[in-house]
Amino acid sequence: MSEVLILPGLFGSGEGHWQQHWLQDQPGSRFVAQDDWDHPSLDSWLPRLEEALEEAGEAYLVAHSLGCLLAARLAGRSAARRVKGALLVAPCDLPATEILHPGHIAFGGMPTAPLPFPSIVVGSMNDAYMTVDRLTLFGRLWKSETRNIGLAGHINIASGFGRWRTGYRLLDALKMRTGDRRRSVFARPAFAM
């Protein structure tokens, strides 16, 4: 059974966030802890992710917001070979995020390299952190399957996303595509978005 590493974004994923529910609902899931959720630095966050992947051996990534950019930064790094697939939910656009939270983030520019592992990028039409045009652009650059789930904001607590069961189905679909069939006997029916 492959582990699932959960990658929160800026300020972490507080109580009630769908990533917190994921820990309770999905066996084999764990957060990749960071020292400073309020002032993320790529120089400190990326080594933590690489360490977690080393410990896991191989894992799926379930990322939100800035966590998506952290996952995308694995492109071209040896730790990427340990990623079986990634569910990237509501990636943030660094220029937009800097306007919303000036001086908080030291992540450099937007990652643009194709991801060397299968991925699904999920976004919405009214996310203040990334426009739908930019979502489409980065989905294409990362060579990810892109899902637009409509008017869903930043897919967080503020936009009404506590326990998010559709996310579980998306990860199951990604696992089926990558050959991790451990849950295929109990797979839920196909769904349309």
# chains A, B, ... in the order shown; residues from 1 in each chain; ligands from 1

$ select_by_dssp --residues "segment 16-158 of chain A" --states "strand (DSSP E or B)" --output "ChimeraX atom specification"
/A:29-31,41,59-64,83-89,106,119-123,145-148

$ closest_atom_pairs --of "segment 78-186 of chain A" --to "segment 25-49 of chain A" --cutoff "7 Å" --atoms "only C-alpha atoms" --output "Markdown table"
| residue | atom | partner | partner_atom | distance |
| --- | --- | --- | --- | --- |
| A:His104 | CA | A:His39 | CA | 4.8 |
| A:Ile105 | CA | A:Pro40 | CA | 5.2 |
| A:Ala106 | CA | A:Ser41 | CA | 4.6 |
| A:Phe107 | CA | A:Leu42 | CA | 4.8 |

$ write_last_selection --atoms "N, CA and C atoms" --output "short mmCIF file (atom, residue, chain, number, x, y, z; two decimals), in the first residue's frame"
data_model
loop_
_atom_site.label_atom_id
_atom_site.label_comp_id
_atom_site.auth_asym_id
_atom_site.auth_seq_id
_atom_site.Cartn_x
_atom_site.Cartn_y
_atom_site.Cartn_z
N HIS A 104 4.91 37.27 2.52
CA HIS A 104 4.82 36.01 3.27
C HIS A 104 5.61 34.87 2.64
N ILE A 105 5.75 34.86 1.31
CA ILE A 105 6.22 33.67 0.60
C ILE A 105 7.56 33.92 -0.07
N ALA A 106 8.50 32.98 0.08
CA ALA A 106 9.78 33.00 -0.63
C ALA A 106 9.89 31.70 -1.43
N PHE A 107 9.20 31.67 -2.56
CA PHE A 107 9.15 30.45 -3.36
C PHE A 107 9.71 30.65 -4.76
#

$ residues_around --residues "Ala90 of chain A" --least-positions-apart "2" --cutoff "6 Å" --atoms "only C-alpha atoms" --output "NGL selection string"
:A and (64-65 or 122-123 or 154)

$ closest_residue --among "A:Gly67, A:Gly150, A:Gly12, A:Gly57" --to "Lys84 of chain A" --atoms "only C-alpha atoms"
A:Gly57

$ residues_around --residues "Ala71 of chain A" --least-positions-apart "6" --cutoff "9 Å" --atoms "only C-alpha atoms" --output "list in words"
Leu7, Leu46, Leu49, Leu61, Val62, Ala63, Ala80, Ala86, Leu88 and Leu115 of chain A

$ closest_residue --among "A:Arg147, A:Leu53, A:Ser78, A:Ile6" --to "Thr166 of chain A" --atoms "only C-alpha atoms"
A:Arg147

$ select_by_dssp --residues "segment 35-146 of chain A" --states "helix (DSSP H, G or I)" --output "NGL selection string"
:A and (42-56 or 66-72 or 78-82 or 94-100 or 132-141)

$ residues_around --residues "segment 139-143 of chain A" --least-positions-apart "2" --cutoff "12 Å" --atoms "only C-alpha atoms" --output "count of residues only"
38
